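Structure data follow from model_15.pdb (PDB, C-alpha atoms and all ligand atoms):
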```
ATOM      1  CA  MET A   1       0.000   0.000   0.000
ATOM      2  CA  SER A   2       1.549   3.278  -1.015
ATOM      3  CA  ARG A   3       0.367   6.659   0.058
ATOM      4  CA  GLN A   4       1.517  10.201  -0.458
ATOM      5  CA  ARG A   5       4.117  10.928   2.212
ATOM      6  CA  GLU A   6       4.362  14.348   3.785
ATOM      7  CA  LEU A   7       7.562  16.343   3.499
ATOM      8  CA  GLY A   8       9.466  17.943   6.342
ATOM      9  CA  ARG A   9       8.153  21.484   6.955
ATOM     10  CA  GLY A  10       9.344  24.294   9.172
ATOM     11  CA  GLU A  11       7.268  27.229  10.425
ATOM     12  CA  ARG A  12       7.722  29.995  12.964
ATOM     13  CA  VAL A  13       5.326  29.789  15.916
ATOM     14  CA  ILE A  14       6.527  32.961  17.665
ATOM     15  CA  PRO A  15       9.778  34.874  17.179
ATOM     16  CA  GLY A  16      12.573  32.563  18.307
ATOM     17  CA  LEU A  17      10.526  29.358  18.277
ATOM     18  CA  TRP A  18       9.952  27.106  15.276
ATOM     19  CA  ARG A  19       7.838  24.032  14.680
ATOM     20  CA  LEU A  20       9.587  21.374  12.595
ATOM     21  CA  ARG A  21       6.975  19.046  11.202
ATOM     22  CA  LEU A  22       8.539  15.709  10.269
ATOM     23  CA  PRO A  23       6.840  12.891   8.339
ATOM     24  CA  LEU A  24       6.087   9.514   9.910
ATOM     25  CA  PRO A  25       5.408   6.226   8.121
ATOM     26  CA  TRP A  26       2.548   5.278  10.469
ATOM     27  CA  PRO A  27      -1.067   5.007   9.316
ATOM     28  CA  GLY A  28      -3.172   7.667  11.043
ATOM     29  CA  VAL A  29      -0.129   9.524  12.429
ATOM     30  CA  PRO A  30       1.263  11.406   9.419
ATOM     31  CA  HIS A  31       3.826  13.523  11.241
ATOM     32  CA  CYS A  32       5.506  14.417  14.513
ATOM     33  CA  ASN A  33       6.873  17.745  15.715
ATOM     34  CA  ALA A  34      10.317  18.786  16.810
ATOM     35  CA  TRP A  35      10.776  22.293  18.229
ATOM     36  CA  ALA A  36      13.711  24.619  17.698
ATOM     37  CA  ILE A  37      14.186  27.425  20.227
ATOM     38  CA  ALA A  38      16.691  30.221  19.663
ATOM     39  CA  ALA A  39      19.559  30.002  22.125
ATOM     40  CA  ARG A  40      22.404  32.498  21.670
ATOM     41  CA  SER A  41      24.261  31.593  18.486
ATOM     42  CA  GLY A  42      22.154  28.516  17.712
ATOM     43  CA  VAL A  43      19.094  26.599  18.863
ATOM     44  CA  VAL A  44      17.957  24.148  21.477
ATOM     45  CA  LEU A  45      16.233  21.312  19.620
ATOM     46  CA  VAL A  46      13.446  19.439  21.392
ATOM     47  CA  ASP A  47      12.765  15.997  19.869
ATOM     48  CA  THR A  48      14.137  14.506  16.682
ATOM     49  CA  GLY A  49      11.678  12.710  14.417
ATOM     50  CA  MET A  50      12.138   9.002  13.821
ATOM     51  CA  HIS A  51      15.003   7.421  11.962
ATOM     52  CA  GLU A  52      14.251   5.822   8.602
ATOM     53  CA  PRO A  53      15.659   6.114   5.080
ATOM     54  CA  GLY A  54      15.633   9.808   4.119
ATOM     55  CA  SER A  55      14.550  11.032   7.566
ATOM     56  CA  MET A  56      17.618  13.221   8.134
ATOM     57  CA  ALA A  57      16.935  14.960   4.812
ATOM     58  CA  GLN A  58      13.405  15.708   6.043
ATOM     59  CA  LEU A  59      14.768  17.319   9.193
ATOM     60  CA  GLU A  60      17.272  19.300   7.127
ATOM     61  CA  ARG A  61      14.479  20.410   4.807
ATOM     62  CA  ALA A  62      12.265  21.562   7.687
ATOM     63  CA  MET A  63      15.149  23.425   9.345
ATOM     64  CA  ASP A  64      16.263  24.991   6.060
ATOM     65  CA  GLN A  65      12.779  26.469   5.548
ATOM     66  CA  VAL A  66      13.264  28.561   8.676
ATOM     67  CA  GLY A  67      16.917  29.378   8.045
ATOM     68  CA  LEU A  68      18.410  26.768  10.374
ATOM     69  CA  GLN A  69      20.682  23.784   9.980
ATOM     70  CA  VAL A  70      21.448  20.705  12.057
ATOM     71  CA  GLU A  71      24.869  22.147  12.915
ATOM     72  CA  ASP A  72      23.072  25.025  14.737
ATOM     73  CA  VAL A  73      21.816  22.656  17.436
ATOM     74  CA  ARG A  74      23.592  23.518  20.714
ATOM     75  CA  LEU A  75      21.590  21.106  22.859
ATOM     76  CA  LEU A  76      19.160  18.291  22.089
ATOM     77  CA  ALA A  77      16.444  17.547  24.644
ATOM     78  CA  CYS A  78      13.982  14.682  24.162
ATOM     79  CA  THR A  79      10.522  14.674  25.745
ATOM     80  CA  HIS A  80      10.667  10.861  25.820
ATOM     81  CA  ALA A  81      12.452   7.903  24.290
ATOM     82  CA  HIS A  82       9.897   6.835  21.676
ATOM     83  CA  SER A  83      11.388   6.503  18.190
ATOM     84  CA  ASP A  84       9.521   9.526  16.769
ATOM     85  CA  HIS A  85      10.969  11.784  19.499
ATOM     86  CA  TRP A  86      14.413  10.263  20.018
ATOM     87  CA  GLY A  87      15.133   8.066  16.973
ATOM     88  CA  GLN A  88      17.480  10.526  15.262
ATOM     89  CA  ALA A  89      19.225  11.642  18.464
ATOM     90  CA  ALA A  90      22.515   9.857  17.728
ATOM     91  CA  PRO A  91      23.154  11.336  14.263
ATOM     92  CA  ILE A  92      22.004  14.821  15.382
ATOM     93  CA  CYS A  93      24.366  14.823  18.380
ATOM     94  CA  GLU A  94      27.201  13.560  16.203
ATOM     95  CA  ARG A  95      26.721  16.209  13.545
ATOM     96  CA  ALA A  96      26.075  19.115  15.879
ATOM     97  CA  GLY A  97      28.584  18.012  18.513
ATOM     98  CA  CYS A  98      25.920  18.691  21.133
ATOM     99  CA  GLN A  99      24.723  16.940  24.287
ATOM    100  CA  LEU A 100      21.540  14.920  24.672
ATOM    101  CA  TRP A 101      19.385  15.526  27.737
ATOM    102  CA  MET A 102      16.632  13.027  28.458
ATOM    103  CA  HIS A 103      14.931  11.416  31.446
ATOM    104  CA  PRO A 104      16.888   8.472  32.914
ATOM    105  CA  ASN A 105      13.935   6.022  32.818
ATOM    106  CA  HIS A 106      14.624   5.303  29.165
ATOM    107  CA  GLY A 107      15.091   1.530  29.576
ATOM    108  CA  HIS A 108      11.748   0.930  27.815
ATOM    109  CA  ALA A 109      13.479   2.142  24.641
ATOM    110  CA  THR A 110      17.224   1.728  25.119
ATOM    111  CA  ALA A 111      16.909  -1.875  26.339
ATOM    112  CA  ALA A 112      14.622  -2.703  23.415
ATOM    113  CA  ALA A 113      16.902  -0.989  20.889
ATOM    114  CA  GLY A 114      19.946  -2.756  22.348
ATOM    115  CA  ASP A 115      18.348  -6.212  22.219
ATOM    116  CA  PRO A 116      15.306  -6.272  19.917
ATOM    117  CA  ALA A 117      14.998 -10.091  20.046
ATOM    118  CA  GLN A 118      14.708 -10.028  23.838
ATOM    119  CA  ALA A 119      12.205  -7.141  23.700
ATOM    120  CA  LEU A 120      10.068  -9.061  21.204
ATOM    121  CA  ALA A 121      10.263 -12.237  23.328
ATOM    122  CA  ARG A 122       9.046 -10.223  26.313
ATOM    123  CA  ARG A 123       6.097  -8.780  24.370
ATOM    124  CA  ILE A 124       5.182 -12.243  23.127
ATOM    125  CA  GLU A 125       5.265 -13.651  26.657
ATOM    126  CA  VAL A 126       2.894 -10.905  27.859
ATOM    127  CA  ALA A 127       0.595 -11.643  24.908
ATOM    128  CA  ARG A 128       0.669 -15.387  25.628
ATOM    129  CA  GLN A 129      -0.269 -14.763  29.278
ATOM    130  CA  SER A 130      -3.076 -12.519  28.061
ATOM    131  CA  GLY A 131      -4.633 -15.335  26.070
ATOM    132  CA  VAL A 132      -3.319 -14.822  22.510
ATOM    133  CA  SER A 133      -3.270 -18.087  20.522
ATOM    134  CA  ASP A 134       0.025 -19.631  19.403
ATOM    135  CA  ALA A 135      -0.946 -19.223  15.735
ATOM    136  CA  ALA A 136      -1.616 -15.507  16.187
ATOM    137  CA  LEU A 137       1.620 -15.082  18.164
ATOM    138  CA  ALA A 138       3.621 -16.691  15.356
ATOM    139  CA  ARG A 139       2.037 -14.358  12.770
ATOM    140  CA  TYR A 140       2.726 -11.344  14.994
ATOM    141  CA  ALA A 141       6.343 -12.371  15.623
ATOM    142  CA  ASP A 142       7.008 -12.766  11.886
ATOM    143  CA  ARG A 143       5.627  -9.313  11.208
ATOM    144  CA  ALA A 144       7.317  -7.649  14.196
ATOM    145  CA  ARG A 145      10.750  -8.943  13.193
ATOM    146  CA  GLU A 146      10.338  -7.143   9.854
ATOM    147  CA  LEU A 147       9.371  -3.781  11.353
ATOM    148  CA  PRO A 148      12.153  -1.198  11.497
ATOM    149  CA  SER A 149      12.923   0.170  14.967
ATOM    150  CA  GLY A 150      12.887   3.826  13.931
ATOM    151  CA  VAL A 151      16.018   4.364  16.012
ATOM    152  CA  ALA A 152      19.356   5.167  14.337
ATOM    153  CA  ARG A 153      21.321   3.952  17.349
ATOM    154  CA  ALA A 154      20.414   3.641  21.026
ATOM    155  CA  ILE A 155      22.007   6.702  22.615
ATOM    156  CA  GLU A 156      21.811   7.501  26.327
ATOM    157  CA  PRO A 157      21.564  11.016  27.736
ATOM    158  CA  ASP A 158      24.623  13.055  28.737
ATOM    159  CA  ARG A 159      22.500  14.594  31.462
ATOM    160  CA  PRO A 160      19.342  13.292  33.162
ATOM    161  CA  LEU A 161      16.375  15.531  32.377
ATOM    162  CA  CYS A 162      14.574  15.279  35.722
ATOM    163  CA  ASN A 163      12.211  17.550  37.660
ATOM    164  CA  GLY A 164      13.590  21.059  37.905
ATOM    165  CA  VAL A 165      16.368  20.808  35.312
ATOM    166  CA  GLU A 166      16.533  24.133  33.475
ATOM    167  CA  ILE A 167      17.230  24.790  29.808
ATOM    168  CA  GLU A 168      18.302  28.320  28.916
ATOM    169  CA  THR A 169      17.073  29.865  25.673
ATOM    170  CA  ASP A 170      16.559  33.341  24.213
ATOM    171  CA  LEU A 171      12.868  33.006  25.176
ATOM    172  CA  GLY A 172      13.805  32.452  28.822
ATOM    173  CA  VAL A 173      14.417  29.398  30.954
ATOM    174  CA  TRP A 174      12.401  26.213  30.362
ATOM    175  CA  THR A 175      11.979  23.862  33.316
ATOM    176  CA  ALA A 176      11.565  20.104  33.038
ATOM    177  CA  TYR A 177       8.571  18.406  34.678
ATOM    178  CA  GLU A 178       8.466  14.626  34.868
ATOM    179  CA  THR A 179       5.208  13.403  33.332
ATOM    180  CA  PRO A 180       5.362   9.596  33.181
ATOM    181  CA  GLY A 181       2.396   7.571  31.934
ATOM    182  CA  HIS A 182       2.570   7.737  28.145
ATOM    183  CA  ALA A 183       6.193   6.590  28.575
ATOM    184  CA  PRO A 184       8.276   6.114  31.739
ATOM    185  CA  SER A 185      10.819   8.606  30.363
ATOM    186  CA  HIS A 186       8.303  11.363  29.603
ATOM    187  CA  VAL A 187       8.956  14.988  30.579
ATOM    188  CA  CYS A 188       7.278  18.261  29.624
ATOM    189  CA  LEU A 189       9.179  21.547  29.332
ATOM    190  CA  TYR A 190       7.558  24.713  30.656
ATOM    191  CA  GLN A 191       8.434  28.361  30.096
ATOM    192  CA  PRO A 192       6.612  30.207  32.896
ATOM    193  CA  GLU A 193       6.807  33.873  31.767
ATOM    194  CA  ARG A 194       5.318  33.045  28.361
ATOM    195  CA  ARG A 195       3.282  30.129  29.760
ATOM    196  CA  LEU A 196       4.434  27.840  26.963
ATOM    197  CA  LEU A 197       4.305  24.084  27.440
ATOM    198  CA  ILE A 198       6.208  21.646  25.239
ATOM    199  CA  SER A 199       4.077  18.616  26.004
ATOM    200  CA  GLY A 200       5.520  15.777  23.887
ATOM    201  CA  ASP A 201       2.881  13.044  23.761
ATOM    202  CA  HIS A 202       1.611  13.743  27.279
ATOM    203  CA  LEU A 203      -0.996  16.171  25.899
ATOM    204  CA  LEU A 204      -2.035  16.113  22.251
ATOM    205  CA  GLY A 205      -4.430  18.419  20.398
ATOM    206  CA  ARG A 206      -6.484  15.431  19.275
ATOM    207  CA  ILE A 207      -6.876  13.489  22.498
ATOM    208  CA  SER A 208      -5.567   9.948  22.239
ATOM    209  CA  LEU A 209      -4.131   7.780  24.974
ATOM    210  CA  TYR A 210      -1.175   5.468  24.896
ATOM    211  CA  PHE A 211       0.626   3.828  27.820
ATOM    212  CA  ASP A 212       3.897   1.932  27.773
ATOM    213  CA  TYR A 213       2.971  -1.233  29.643
ATOM    214  CA  GLY A 214       5.331  -3.396  31.673
ATOM    215  CA  TRP A 215       8.017  -0.927  32.782
ATOM    216  CA  THR A 216       6.428   0.784  35.771
ATOM    217  CA  PRO A 217       3.857  -0.378  38.337
ATOM    218  CA  ASP A 218       0.839   1.640  37.139
ATOM    219  CA  PRO A 219       1.179   3.688  33.923
ATOM    220  CA  VAL A 220      -2.465   4.839  34.029
ATOM    221  CA  GLY A 221      -2.139   6.074  37.621
ATOM    222  CA  GLU A 222       1.173   7.745  36.773
ATOM    223  CA  PHE A 223      -0.469   9.471  33.809
ATOM    224  CA  LEU A 224      -3.344  10.792  35.973
ATOM    225  CA  SER A 225      -0.825  12.225  38.482
ATOM    226  CA  SER A 226       1.128  13.748  35.597
ATOM    227  CA  LEU A 227      -2.076  15.454  34.387
ATOM    228  CA  ASP A 228      -2.444  16.991  37.870
ATOM    229  CA  SER A 229       1.084  18.404  37.752
ATOM    230  CA  THR A 230       0.601  19.752  34.229
ATOM    231  CA  ALA A 231      -2.719  21.341  35.199
ATOM    232  CA  ALA A 232      -1.014  23.178  38.061
ATOM    233  CA  LEU A 233       1.366  24.935  35.635
ATOM    234  CA  GLY A 234      -1.298  27.136  34.045
ATOM    235  CA  ALA A 235       0.008  26.882  30.471
ATOM    236  CA  ARG A 236      -1.506  29.154  27.831
ATOM    237  CA  LEU A 237      -0.176  27.514  24.671
ATOM    238  CA  CYS A 238       0.684  23.863  24.244
ATOM    239  CA  LEU A 239       3.293  22.729  21.734
ATOM    240  CA  SER A 240       2.582  19.026  21.401
ATOM    241  CA  GLY A 241       4.484  16.150  19.849
ATOM    242  CA  HIS A 242       1.960  15.728  17.042
ATOM    243  CA  GLY A 243      -0.493  18.170  15.449
ATOM    244  CA  LYS A 244      -0.813  21.939  15.683
ATOM    245  CA  PRO A 245      -0.101  24.007  18.779
ATOM    246  CA  PHE A 246      -3.276  24.503  20.794
ATOM    247  CA  VAL A 247      -4.719  26.723  23.510
ATOM    248  CA  ASP A 248      -7.316  25.616  26.104
ATOM    249  CA  VAL A 249      -4.801  23.447  27.892
ATOM    250  CA  PRO A 250      -7.178  22.881  30.885
ATOM    251  CA  GLY A 251      -9.873  21.625  28.489
ATOM    252  CA  HIS A 252      -7.448  19.132  26.971
ATOM    253  CA  ILE A 253      -6.332  17.933  30.403
ATOM    254  CA  GLU A 254      -9.964  17.436  31.390
ATOM    255  CA  GLY A 255     -10.616  15.599  28.105
ATOM    256  CA  ASN A 256      -7.783  13.192  28.891
ATOM    257  CA  ARG A 257      -9.160  12.521  32.378
ATOM    258  CA  LYS A 258     -12.616  11.854  30.911
ATOM    259  CA  LEU A 259     -11.273   9.432  28.313
ATOM    260  CA  VAL A 260      -9.301   7.502  30.948
ATOM    261  CA  ALA A 261     -12.452   7.290  33.092
ATOM    262  CA  GLN A 262     -14.467   6.058  30.073
ATOM    263  CA  ARG A 263     -11.926   3.351  29.263
ATOM    264  CA  LEU A 264     -11.753   2.235  32.894
ATOM    265  CA  ALA A 265     -15.566   2.067  33.020
ATOM    266  CA  ALA A 266     -15.576  -0.029  29.830
ATOM    267  CA  VAL A 267     -13.060  -2.441  31.354
ATOM    268  CA  VAL A 268     -15.143  -2.700  34.551
ATOM    269  CA  THR A 269     -18.243  -3.441  32.441
ATOM    270  CA  ALA A 270     -16.313  -6.133  30.544
ATOM    271  CA  LEU A 271     -15.340  -7.730  33.862
ATOM    272  CA  ALA A 272     -19.015  -8.431  34.592
ATOM    273  CA  GLN A 273     -18.621 -11.592  32.489
ATOM    274  CA  ALA A 274     -15.511 -12.618  34.412
ATOM    275  CA  PRO A 275     -13.174 -14.360  34.614
ATOM    276  CA  ARG A 276     -11.839 -13.220  31.255
ATOM    277  CA  THR A 277      -8.453 -12.803  29.616
ATOM    278  CA  ALA A 278      -7.210  -9.426  28.389
ATOM    279  CA  VAL A 279      -7.681 -10.757  24.845
ATOM    280  CA  GLU A 280     -11.373 -11.349  25.580
ATOM    281  CA  ILE A 281     -11.766  -7.960  27.274
ATOM    282  CA  SER A 282      -9.992  -5.750  24.692
ATOM    283  CA  PRO A 283     -12.572  -5.859  21.853
ATOM    284  CA  SER A 284     -15.400  -4.669  24.103
ATOM    285  CA  VAL A 285     -13.277  -1.804  25.459
ATOM    286  CA  TYR A 286     -12.191  -0.605  22.024
ATOM    287  CA  GLY A 287     -15.185  -1.692  19.951
ATOM    288  CA  GLU A 288     -12.998  -3.467  17.426
ATOM    289  CA  PRO A 289     -11.633  -6.998  17.107
ATOM    290  CA  LEU A 290      -7.980  -7.688  17.881
ATOM    291  CA  THR A 291      -5.854  -8.239  14.797
ATOM    292  CA  GLU A 292      -2.145  -8.835  14.317
ATOM    293  CA  TYR A 293      -1.884  -5.124  13.453
ATOM    294  CA  ASN A 294      -3.673  -3.513  16.393
ATOM    295  CA  GLY A 295      -3.239  -6.456  18.784
ATOM    296  CA  SER A 296      -0.070  -5.573  20.645
ATOM    297  CA  TRP A 297      -1.201  -1.943  21.011
ATOM    298  CA  LEU A 298      -4.755  -2.648  22.252
ATOM    299  CA  LEU A 299      -3.633  -5.468  24.506
ATOM    300  CA  ALA A 300      -0.996  -3.328  26.208
ATOM    301  CA  GLN A 301      -3.585  -0.578  26.766
ATOM    302  CA  THR A 302      -6.136  -3.009  28.214
ATOM    303  CA  LEU A 303      -3.488  -4.488  30.524
ATOM    304  CA  ALA A 304      -2.542  -0.995  31.687
ATOM    305  CA  TYR A 305      -6.188  -0.317  32.667
ATOM    306  CA  LEU A 306      -6.561  -3.738  34.328
ATOM    307  CA  THR A 307      -3.379  -3.171  36.332
ATOM    308  CA  HIS A 308      -4.673   0.239  37.450
ATOM    309  CA  LEU A 309      -7.981  -1.307  38.566
ATOM    310  CA  GLU A 310      -6.060  -4.045  40.383
ATOM    311  CA  ARG A 311      -4.054  -1.461  42.318
ATOM    312  CA  GLN A 312      -7.265   0.314  43.229
ATOM    313  CA  GLY A 313      -8.658  -2.988  44.532
ATOM    314  CA  ARG A 314     -11.308  -3.086  41.776
ATOM    315  CA  ALA A 315      -9.967  -6.060  39.791
ATOM    316  CA  THR A 316      -8.089  -9.271  40.529
ATOM    317  CA  ARG A 317      -6.089 -11.611  38.356
ATOM    318  CA  GLU A 318      -5.674 -15.339  38.607
ATOM    319  CA  THR A 319      -3.093 -17.302  36.635
ATOM    320  CA  ARG A 320      -3.942 -20.811  35.508
ATOM    321  CA  VAL A 321      -1.827 -22.848  33.080
ATOM    322  CA  GLY A 322       0.194 -19.743  32.254
ATOM    323  CA  VAL A 323      -2.849 -17.647  31.276
ATOM    324  CA  GLU A 324      -4.095 -14.690  33.349
ATOM    325  CA  ARG A 325      -7.816 -14.271  33.868
ATOM    326  CA  TRP A 326      -9.317 -11.114  35.341
ATOM    327  CA  SER A 327     -12.370 -10.621  37.529
ATOM    328  CA  ALA A 328     -14.026  -7.699  39.272
ATOM    329  CA  ALA A 329     -12.910  -7.509  42.895
TER     330      ALA A 329
HETATM  331 ZN    ZN B 401       5.361   8.723  22.408
HETATM  332 ZN    ZN B 402       4.953  10.621  19.456
END
```
Take the structure I supplied and represent it as structure tokens, if you would.
Ligand SMILES: [Zn+2]
Ligand SMILES: [Zn+2]
Amino acid sequence: MSRQRELGRGERVIPGLWRLRLPLPWPGVPHCNAWAIAARSGVVLVDTGMHEPGSMAQLERAMDQVGLQVEDVRLLACTHAHSDHWGQAAPICERAGCQLWMHPNHGHATAAAGDPAQALARRIEVARQSGVSDAALARYADRARELPSGVARAIEPDRPLCNGVEIETDLGVWTAYETPGHAPSHVCLYQPERRLLISGDHLLGRISLYFDYGWTPDPVGEFLSSLDSTAALGARLCLSGHGKPFVDVPGHIEGNRKLVAQRLAAVVTALAQAPRTAVEISPSVYGEPLTEYNGSWLLAQTLAYLTHLERQGRATRETRVGVERWSAA
């Protein structure tokens, strides 16, 4: 299936801050954003776009449109270690001779990039426990082995981007806020005088939820706490990892809370016919059957909700013959 790919595009958001819109090969997610912020003689770059054939040329093209080049990058900061935000970090740092700052909980990506076979084996084990058939697992494994990682080379940060770390730019100081949930390594960057929030995938203009499952105790709970800390900032304009910048940040935060509550309610409803596996629960939560394409995504999301309910004492799991079955508590 071929489709018209976007091209890298650069545009000024406000003086001294540019949106670099970089194409992605994923259905339904045509691009991601990197942000360039003027900083003395060059720029601070936030996020990278994913690595794939031609991806560096797309970044160059987007930067060139706003009079910048990769060599102008004085510091690279990544909101989180997903391939579309960190995948090109290694070649950018090499070319620009700059440091990478990123949150230290990047094992969900660096471990996987360092040993893809092990990461795949781990995903398959989770799927098996969740009730996926051996035939479906074999089909998924064949397909997954073919998929490119989107990461040029696993590169670790020169400095941990944790709560309170400051990044100096011509627009003022940006402060890092840890916002785990979407990914364990997620941070937002906030500029308080201008009330600008670089939100990565923590807040998106078109609300959609994703949780990295299996790296932290309760990604959904962590995400809800992260929403509380973001809400307390009082941002006026949100520069998100995908889509256009948007205002009404409180409305988007509320929308995220509502969607989490809806999903949790759907999982609770599905548990009425317990005990059930995550494979049996997923289709009723998402209103679509599991396939080898959406399966690993929807299953991980369902497991994240089930784990959250378990921690709240609202669901229990029981393992029999290697398969987990969930019931309402
Ligand atoms: Zn992400
Ligand atoms: Zn993303």
Nearby residues (all atoms listed in the file) at most 9 Å from segment 94-109 of chain A, same-chain spacing under 2 positions excluded, as a ChimeraX atom specification: /A:70-83,89-92,111-114,154-162,178,183-187,212,214-215
I'd like the interatomic distance between atom CA of His252 of chain A and atom CA of Arg195 of chain A, to a tenth of an Å. 15.6 Å
Could you tell me which residues the PyMOL selection byres (((not hetatm)) within 12 of (chain B and resi 402)) returns for this structure, as a ChimeraX atom specification? /A:21-24,26,29-34,47-50,78-87,150,182-183,186,199-204,208-211,240-243
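Closest approach to Gln65 of chain A from the set A:Ala176, A:Cys93, A:Glu11, A:His51 is made by A:Glu11, with distances taken over all atoms listed in the file.
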List the spatial neighbours of Tyr177 of chain A as an mmCIF file with C-alpha atoms, in the coordinates of the input - criterion: any atom at most 8 Å away, all atoms listed in the file, same-chain residues fewer than 6 positions off excluded.
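Result file result.cif:
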```cif
data_model
loop_
_atom_site.group_PDB
_atom_site.id
_atom_site.type_symbol
_atom_site.label_atom_id
_atom_site.label_comp_id
_atom_site.auth_asym_id
_atom_site.auth_seq_id
_atom_site.Cartn_x
_atom_site.Cartn_y
_atom_site.Cartn_z
ATOM 1 C CA CYS A 162 14.574 15.279 35.722
ATOM 2 C CA ASN A 163 12.211 17.550 37.660
ATOM 3 C CA GLY A 164 13.590 21.059 37.905
ATOM 4 C CA VAL A 187 8.956 14.988 30.579
ATOM 5 C CA CYS A 188 7.278 18.261 29.624
ATOM 6 C CA LEU A 189 9.179 21.547 29.332
ATOM 7 C CA TYR A 190 7.558 24.713 30.656
#
```
Neighbouring residues of Ile124 of chain A were defined as those with any atom within 9 Å, considering only C-alpha atoms; residues of the same chain fewer than 4 positions away were excluded. Please report them as an MDAnalysis selection string. chainID A and resid 119:120 128:129 132 137 140:141 296
Only C-alpha atoms, please: the residues just picked out, written as a compact mmCIF listing (two decimals), in the coordinates of the input.
```
# COMPACT_ATOMS: atom_id res chain seq x y z
CA ALA A 119 12.20 -7.14 23.70
CA LEU A 120 10.07 -9.06 21.20
CA ARG A 128 0.67 -15.39 25.63
CA GLN A 129 -0.27 -14.76 29.28
CA VAL A 132 -3.32 -14.82 22.51
CA LEU A 137 1.62 -15.08 18.16
CA TYR A 140 2.73 -11.34 14.99
CA ALA A 141 6.34 -12.37 15.62
CA SER A 296 -0.07 -5.57 20.64
```
Taking the file as I've supplied it (selection: the PyMOL selection byres (((chain A and resi 266) around 12) and not hetatm)), which residues are included? Please answer as a PyMOL selection string. chain A and resi 259-265+267-272+281-287+302+305-306+309
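Atom CA of Arg236 of chain A is positioned 17.1 Å from atom CA of Trp18 of chain A.
Between atom CA of Glu318 of chain A and atom CA of Leu303 of chain A the separation is 13.7 Å.
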Quick one: of A:Leu197, A:Ala38, A:Val321, A:Ile14, who's nearest to Ala231 of chain A, counting all atoms listed in the file? A:Leu197
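Using all atoms listed in the file, the shortest contact distance between ligand ZN 401 (chain B) and any of A:Thr319, A:Ser133, A:Thr179, A:Asn294 is found at A:Thr179.
When only C-alpha atoms and all ligand atoms are used to compute distances to ligand ZN 401 (chain B), the closest of the residues A:Pro180, A:Ile253, A:Leu20, A:Pro25 turns out to be A:Pro180.
When all atoms listed in the file are used to compute distances to ligand ZN 401 (chain B), the closest of the residues A:Ser226, A:Thr110, A:Phe246, A:Gly181 turns out to be A:Gly181.
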Quick one: residues within 10 Å of Ala235 of chain A, all atoms listed in the file, excluding same-chain residues fewer than 3 positions away - as a ChimeraX atom specification? /A:190-198,230-232,238,247-250
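Comparing the minimum interatomic distances between Glu146 of chain A and each of A:Ala117, A:Leu171, A:Leu224, A:Val165, counting all atoms listed in the file, we find that A:Ala117 sits nearest.
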Expected selection from the PyMOL selection byres (((chain A and resi 54-63) around 6) and not hetatm), given as a VMD selection string: chain A and resid 8 to 10 20 51 to 53 64 to 66 68 to 69
Now that the selection is made, can you save its residues with C-alpha atoms as a PDB file, in the coordinates of the input?
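Wrote result33.pdb, looks like this:
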```pdb
ATOM      1  CA  GLY A   8       9.466  17.943   6.342  1.00  0.00           C
ATOM      2  CA  ARG A   9       8.153  21.484   6.955  1.00  0.00           C
ATOM      3  CA  GLY A  10       9.344  24.294   9.172  1.00  0.00           C
ATOM      4  CA  LEU A  20       9.587  21.374  12.595  1.00  0.00           C
ATOM      5  CA  HIS A  51      15.003   7.421  11.962  1.00  0.00           C
ATOM      6  CA  GLU A  52      14.251   5.822   8.602  1.00  0.00           C
ATOM      7  CA  PRO A  53      15.659   6.114   5.080  1.00  0.00           C
ATOM      8  CA  ASP A  64      16.263  24.991   6.060  1.00  0.00           C
ATOM      9  CA  GLN A  65      12.779  26.469   5.548  1.00  0.00           C
ATOM     10  CA  VAL A  66      13.264  28.561   8.676  1.00  0.00           C
ATOM     11  CA  LEU A  68      18.410  26.768  10.374  1.00  0.00           C
ATOM     12  CA  GLN A  69      20.682  23.784   9.980  1.00  0.00           C
TER      13      GLN A  69
END
```
How would segment 200-205 of chain A read, as a short mmCIF file (atom, residue, chain, number, x, y, z; two decimals), keeping the file's coordinate frame, once N, CA, C and O atoms are built in?
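Result file part00.cif:
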```cif
data_model
loop_
_atom_site.label_atom_id
_atom_site.label_comp_id
_atom_site.auth_asym_id
_atom_site.auth_seq_id
_atom_site.Cartn_x
_atom_site.Cartn_y
_atom_site.Cartn_z
N GLY A 200 5.23 17.11 24.43
CA GLY A 200 5.52 15.78 23.89
C GLY A 200 4.23 15.05 23.56
O GLY A 200 3.32 15.63 22.95
N ASP A 201 4.11 13.81 23.99
CA ASP A 201 2.88 13.04 23.76
C ASP A 201 2.02 12.97 25.02
O ASP A 201 1.03 12.23 25.05
N HIS A 202 2.41 13.73 26.05
CA HIS A 202 1.61 13.74 27.28
C HIS A 202 0.25 14.40 27.01
O HIS A 202 -0.78 13.89 27.44
N LEU A 203 0.25 15.52 26.31
CA LEU A 203 -1.00 16.17 25.90
C LEU A 203 -0.94 16.38 24.40
O LEU A 203 0.02 16.96 23.89
N LEU A 204 -1.97 15.94 23.70
CA LEU A 204 -2.04 16.11 22.25
C LEU A 204 -3.30 16.89 21.92
O LEU A 204 -4.30 16.79 22.64
N GLY A 205 -3.27 17.63 20.80
CA GLY A 205 -4.43 18.42 20.40
C GLY A 205 -5.64 17.53 20.16
O GLY A 205 -6.75 17.84 20.57
#
```
